[in-house]
Amino acid sequence: MAAAAAGALPAAATRLCRAVSAAPEARLESVRALAGLFREAQSREMAEESIFQNLLEILMSASSEIEHIYKNSCELVDLDTCLLLIAECFRCLRNACVECAKNQHVMRNLGLISTSVNLIKLLHGIQIKEESLLTALRCSLQFLGNIAAGNGDSQNSIWKCAFPDLFLTCLTYSDEKIVAYCCMVLFTCLNSLKVRELLDPGNLTVALRVLKVYKEQLESEWSVTLLELIMAEISENPVTSEEMNVFTRHADFLAGCFQEKCEAVLKLTSAADAEDEEALVTVRLLDVLCEMTSNNGQLEHLQALPSLLETAIDTLRLTHLAGKQAVNIFTATHAMTGQEEISHPAVGFKSHLIRLIGNLCYKNKENQDKVYELDGIPLILDNCSIDDNNPFVNQWAVYAIRNLTEQNERNQELIAQMEEKGLADNSALESMGLEIEKQDDKLILRSVRKKPL
């Protein structure tokens, strides 16, 4: 079958050459035939530059015809034919790019990337609700995704032509496929340098738009990748105050996403749902919020966000309870050998919740009191033992308790009373560098130096 397709290629290429100046219907049939042939690898490898030059001419001609139709208020029937032709041209180019670096380079050198980006912008300006228009846009984005796949030069070319305007344009479509294909192109092009550009204050709207897409379309798989990239940049590279200010302006949105979707993390109690996209985004949103609340310049704004602290405590309570009701990733475990490293997306989730709670209570009396009122202190103390599923949970619990008790007598008294009643583990308090002391019939929680090991 592959040999037959390869044998038919020269004749199909000749028909395409003759059809360049023919009527749209004839061009459509010749392009459609080629698109089918390019499904075979042998045909893709045999393709000559003249084929792609002819496809470029057809696309440019169709683009001119669309502009003419609009300027002269021609029949929409003519427009529909042009849109079908454009979609078929992009299908043909898309197929020809699959695992074929030779064709990717030829197309890029012919200027097909810039032509495609300009054509997408033209199509965006067409104010009609036709399936043929959506199909043309989908195919054009699929082509850009395929020409970029594994090809750094094409990725750079697309980025130069399309970022940020084209991405913002396509991410605002109500059509889920257009949005998904746009995300595919964006993430195919990203590298460390482009991530820095993406996080530039003037461009961060693109990143936040992807998160908004996630909020509206739960099947969007790209939010996890985006949050991973943002986390890597915030954690590994110094973020300027201007960049962090942009994050702060959108902190309400990020916190809102976390608050709306936080219970999705409970799906991770099931091994079958270990890759659930909604749950994975929740995990990454928590990571981002922890990093943002660790920045002194942004902390005050984040501490004042309504319900964020309450959501963190509620989520800690739910995950802690889930881990006690059955054995799962939220169950505290400690292997004495320490030989096996646990690999699961929710590893460290409870640690990070406690970290977030501690950050939000740093030198903030109102939030300290709110944790008291929500019974969050006993909950944190109940999560301070060694847990392989939550590395450093003890250290984050120490940090949170210190922030909760600093210049807050009521919280200090609560912990002291819990210890006296046996509700708080004295050894756990000692490991935190805290001890209970009785002064004038009053229990006092005070800081002490840890004993040397």
# chains A, B, ... in the order shown; residues from 1 in each chain; ligands from 1
$ residues_around --residues "Val327 of chain A" --least-positions-apart "5" --cutoff "9 Å" --atoms "only C-alpha atoms" --output "PyMOL selection string"
chain A and resi 269+322+332
$ write_last_selection --atoms "N, CA and C atoms" --output "mmCIF file, in the first residue's frame"
data_model
loop_
_atom_site.group_PDB
_atom_site.id
_atom_site.type_symbol
_atom_site.label_atom_id
_atom_site.label_comp_id
_atom_site.auth_asym_id
_atom_site.auth_seq_id
_atom_site.Cartn_x
_atom_site.Cartn_y
_atom_site.Cartn_z
ATOM 1 N N THR A 269 -6.638 9.228 46.033
ATOM 2 C CA THR A 269 -6.666 8.092 46.961
ATOM 3 C C THR A 269 -6.822 6.783 46.198
ATOM 4 N N ALA A 322 -9.008 11.097 55.038
ATOM 5 C CA ALA A 322 -8.984 10.080 53.974
ATOM 6 C C ALA A 322 -7.859 9.077 54.216
ATOM 7 N N ALA A 332 -0.234 8.211 56.667
ATOM 8 C CA ALA A 332 1.135 8.379 57.161
ATOM 9 C C ALA A 332 1.826 7.025 57.208
#
$ closest_residue --among "A:Asn118, A:Ser343, A:Asn364, A:Thr315" --to "Leu302 of chain A" --atoms "only C-alpha atoms"
A:Asn364
$ residues_around --residues "segment 134-147 of chain A" --least-positions-apart "3" --cutoff "7 Å" --atoms "only C-alpha atoms" --output "PDB file with C-alpha atoms, in the first residue's frame"
ATOM      1  CA  LEU A  83     -12.396  27.855   3.724  1.00  0.00           C
ATOM      2  CA  LEU A  84     -12.691  24.214   2.692  1.00  0.00           C
ATOM      3  CA  ILE A  86      -7.614  26.291   3.178  1.00  0.00           C
ATOM      4  CA  ALA A  87      -8.489  23.506   5.621  1.00  0.00           C
ATOM      5  CA  PHE A  90      -3.335  22.655   6.054  1.00  0.00           C
ATOM      6  CA  ARG A  91      -4.316  18.979   6.345  1.00  0.00           C
ATOM      7  CA  LEU A  93       0.917  20.215   5.104  1.00  0.00           C
ATOM      8  CA  ARG A  94       0.131  18.743   8.524  1.00  0.00           C
ATOM      9  CA  CYS A  97       5.325  17.108   8.478  1.00  0.00           C
ATOM     10  CA  VAL A  98       4.811  13.952  10.509  1.00  0.00           C
ATOM     11  CA  GLN A 104       9.622  20.706   8.091  1.00  0.00           C
ATOM     12  CA  SER A 116       0.025  30.429   8.157  1.00  0.00           C
ATOM     13  CA  ILE A 120      -4.980  32.512  10.986  1.00  0.00           C
ATOM     14  CA  GLU A 130     -19.542  28.354  10.193  1.00  0.00           C
ATOM     15  CA  GLU A 131     -18.116  24.899  10.813  1.00  0.00           C
ATOM     16  CA  SER A 154      10.543  25.810  13.452  1.00  0.00           C
ATOM     17  CA  LYS A 177     -10.460  21.967  19.885  1.00  0.00           C
ATOM     18  CA  ILE A 178      -9.010  25.298  18.749  1.00  0.00           C
ATOM     19  CA  TYR A 181      -4.491  22.809  19.533  1.00  0.00           C
ATOM     20  CA  CYS A 182      -3.307  26.305  20.451  1.00  0.00           C
ATOM     21  CA  MET A 184      -0.308  22.150  21.922  1.00  0.00           C
ATOM     22  CA  VAL A 185       1.574  24.642  19.724  1.00  0.00           C
ATOM     23  CA  THR A 188       5.693  22.405  21.787  1.00  0.00           C
TER      24      THR A 188
END
$ residues_around --residues "Cys100 of chain A" --least-positions-apart "6" --cutoff "10 Å" --atoms "only C-alpha atoms" --output "VMD selection string"
chain A and resid 41 44 to 45 146 to 147 149 to 151
$ select_by_dssp --residues "segment 229-400 of chain A" --states "helix (DSSP H, G or I)" --output "ChimeraX atom specification"
/A:229-236,241-249,251-269,271-273,277-293,296-303,308-325,349-360,365-373,376-381,393-400
$ residues_around --residues "Asp153 of chain A" --least-positions-apart "5" --cutoff "9 Å" --atoms "only C-alpha atoms" --output "list in words"
His105, Arg108, Ala148 and Ile158 of chain A
$ closest_residue --among "A:Val393, A:Cys82, A:Cys17, A:Leu37" --to "Phe349 of chain A" --atoms "only C-alpha atoms"
A:Val393
$ closest_residue --among "A:Phe52, A:Phe330, A:Phe187, A:Trp396" --to "Val20 of chain A" --atoms "only C-alpha atoms"
A:Phe52
$ residues_around --residues "Ile386 of chain A" --least-positions-apart "6" --cutoff "10 Å" --atoms "only C-alpha atoms" --output "PyMOL selection string"
chain A and resi 332-335+392-395
$ residues_around --residues "Ala255 of chain A" --least-positions-apart "4" --cutoff "9 Å" --atoms "only C-alpha atoms" --output "ChimeraX atom specification"
/A:250-251,259-260,285-286,289,302,305,308
$ atom_distance --atom1 "atom CA of Gln155 of chain A" --atom2 "atom CA of Glu277 of chain A"
26.0 Å
$ atom_distance --atom1 "atom CA of Leu360 of chain A" --atom2 "atom CA of Gln303 of chain A"
5.1 Å
$ decode --residues "segment 301-313 of chain A" --atoms "all heavy atoms" --output "mmCIF file, in the first residue's frame"
data_model
loop_
_atom_site.group_PDB
_atom_site.id
_atom_site.type_symbol
_atom_site.label_atom_id
_atom_site.label_comp_id
_atom_site.auth_asym_id
_atom_site.auth_seq_id
_atom_site.Cartn_x
_atom_site.Cartn_y
_atom_site.Cartn_z
ATOM 1 N N HIS A 301 -0.563 40.626 50.740
ATOM 2 C CA HIS A 301 -1.746 40.556 49.870
ATOM 3 C C HIS A 301 -2.376 39.164 49.935
ATOM 4 O O HIS A 301 -3.604 39.027 50.026
ATOM 5 C CB HIS A 301 -1.344 40.883 48.435
ATOM 6 C CG HIS A 301 -2.460 40.690 47.445
ATOM 7 N ND1 HIS A 301 -3.440 41.639 47.251
ATOM 8 C CD2 HIS A 301 -2.767 39.656 46.623
ATOM 9 C CE1 HIS A 301 -4.297 41.205 46.335
ATOM 10 N NE2 HIS A 301 -3.913 40.003 45.945
ATOM 11 N N LEU A 302 -1.534 38.140 49.893
ATOM 12 C CA LEU A 302 -2.047 36.773 49.892
ATOM 13 C C LEU A 302 -2.668 36.405 51.240
ATOM 14 O O LEU A 302 -3.628 35.638 51.300
ATOM 15 C CB LEU A 302 -0.909 35.808 49.547
ATOM 16 C CG LEU A 302 -0.385 35.966 48.103
ATOM 17 C CD1 LEU A 302 0.999 35.369 47.966
ATOM 18 C CD2 LEU A 302 -1.353 35.321 47.130
ATOM 19 N N GLN A 303 -2.138 36.945 52.327
ATOM 20 C CA GLN A 303 -2.712 36.672 53.650
ATOM 21 C C GLN A 303 -4.126 37.228 53.767
ATOM 22 O O GLN A 303 -4.938 36.707 54.533
ATOM 23 C CB GLN A 303 -1.825 37.291 54.742
ATOM 24 C CG GLN A 303 -0.528 36.533 54.974
ATOM 25 C CD GLN A 303 0.374 37.227 55.975
ATOM 26 O OE1 GLN A 303 0.484 38.458 55.970
ATOM 27 N NE2 GLN A 303 1.023 36.459 56.831
ATOM 28 N N ALA A 304 -4.406 38.264 53.008
ATOM 29 C CA ALA A 304 -5.717 38.916 53.098
ATOM 30 C C ALA A 304 -6.757 38.313 52.158
ATOM 31 O O ALA A 304 -7.918 38.720 52.178
ATOM 32 C CB ALA A 304 -5.562 40.413 52.797
ATOM 33 N N LEU A 305 -6.340 37.341 51.346
ATOM 34 C CA LEU A 305 -7.308 36.743 50.414
ATOM 35 C C LEU A 305 -8.393 36.014 51.195
ATOM 36 O O LEU A 305 -8.093 35.195 52.071
ATOM 37 C CB LEU A 305 -6.613 35.760 49.473
ATOM 38 C CG LEU A 305 -5.696 36.368 48.408
ATOM 39 C CD1 LEU A 305 -5.062 35.267 47.573
ATOM 40 C CD2 LEU A 305 -6.462 37.329 47.513
ATOM 41 N N PRO A 306 -9.638 36.278 50.891
ATOM 42 C CA PRO A 306 -10.727 35.638 51.632
ATOM 43 C C PRO A 306 -10.772 34.129 51.387
ATOM 44 O O PRO A 306 -10.644 33.672 50.248
ATOM 45 C CB PRO A 306 -11.987 36.327 51.080
ATOM 46 C CG PRO A 306 -11.586 36.838 49.731
ATOM 47 C CD PRO A 306 -10.139 37.194 49.838
ATOM 48 N N SER A 307 -10.896 33.387 52.456
ATOM 49 C CA SER A 307 -11.151 31.933 52.422
ATOM 50 C C SER A 307 -9.950 31.072 52.027
ATOM 51 O O SER A 307 -10.056 29.839 52.062
ATOM 52 C CB SER A 307 -12.320 31.601 51.472
ATOM 53 O OG SER A 307 -13.485 32.301 51.856
ATOM 54 N N LEU A 308 -8.811 31.647 51.638
ATOM 55 C CA LEU A 308 -7.684 30.799 51.238
ATOM 56 C C LEU A 308 -7.186 29.968 52.416
ATOM 57 O O LEU A 308 -6.959 28.753 52.285
ATOM 58 C CB LEU A 308 -6.551 31.650 50.660
ATOM 59 C CG LEU A 308 -5.287 30.886 50.249
ATOM 60 C CD1 LEU A 308 -5.617 29.818 49.219
ATOM 61 C CD2 LEU A 308 -4.236 31.843 49.700
ATOM 62 N N LEU A 309 -7.011 30.606 53.570
ATOM 63 C CA LEU A 309 -6.541 29.878 54.748
ATOM 64 C C LEU A 309 -7.554 28.817 55.157
ATOM 65 O O LEU A 309 -7.181 27.674 55.479
ATOM 66 C CB LEU A 309 -6.293 30.861 55.896
ATOM 67 C CG LEU A 309 -5.835 30.253 57.224
ATOM 68 C CD1 LEU A 309 -4.523 29.516 57.051
ATOM 69 C CD2 LEU A 309 -5.711 31.339 58.298
ATOM 70 N N GLU A 310 -8.810 29.175 55.144
ATOM 71 C CA GLU A 310 -9.860 28.222 55.506
ATOM 72 C C GLU A 310 -9.848 27.016 54.571
ATOM 73 O O GLU A 310 -10.000 25.863 55.004
ATOM 74 C CB GLU A 310 -11.225 28.916 55.459
ATOM 75 C CG GLU A 310 -12.380 28.033 55.888
ATOM 76 C CD GLU A 310 -13.697 28.779 55.911
ATOM 77 O OE1 GLU A 310 -13.689 30.033 55.851
ATOM 78 O OE2 GLU A 310 -14.740 28.117 55.992
ATOM 79 N N THR A 311 -9.654 27.270 53.278
ATOM 80 C CA THR A 311 -9.603 26.177 52.299
ATOM 81 C C THR A 311 -8.418 25.261 52.569
ATOM 82 O O THR A 311 -8.538 24.033 52.483
ATOM 83 C CB THR A 311 -9.495 26.749 50.871
ATOM 84 O OG1 THR A 311 -10.665 27.518 50.585
ATOM 85 C CG2 THR A 311 -9.371 25.633 49.838
ATOM 86 N N ALA A 312 -7.267 25.849 52.902
ATOM 87 C CA ALA A 312 -6.078 25.045 53.185
ATOM 88 C C ALA A 312 -6.313 24.130 54.381
ATOM 89 O O ALA A 312 -5.946 22.938 54.364
ATOM 90 C CB ALA A 312 -4.879 25.950 53.428
ATOM 91 N N ILE A 313 -6.933 24.657 55.432
ATOM 92 C CA ILE A 313 -7.198 23.852 56.636
ATOM 93 C C ILE A 313 -8.227 22.763 56.332
ATOM 94 O O ILE A 313 -8.067 21.606 56.727
ATOM 95 C CB ILE A 313 -7.679 24.756 57.791
ATOM 96 C CG1 ILE A 313 -6.547 25.686 58.230
ATOM 97 C CG2 ILE A 313 -8.174 23.920 58.968
ATOM 98 C CD1 ILE A 313 -6.971 26.770 59.193
#
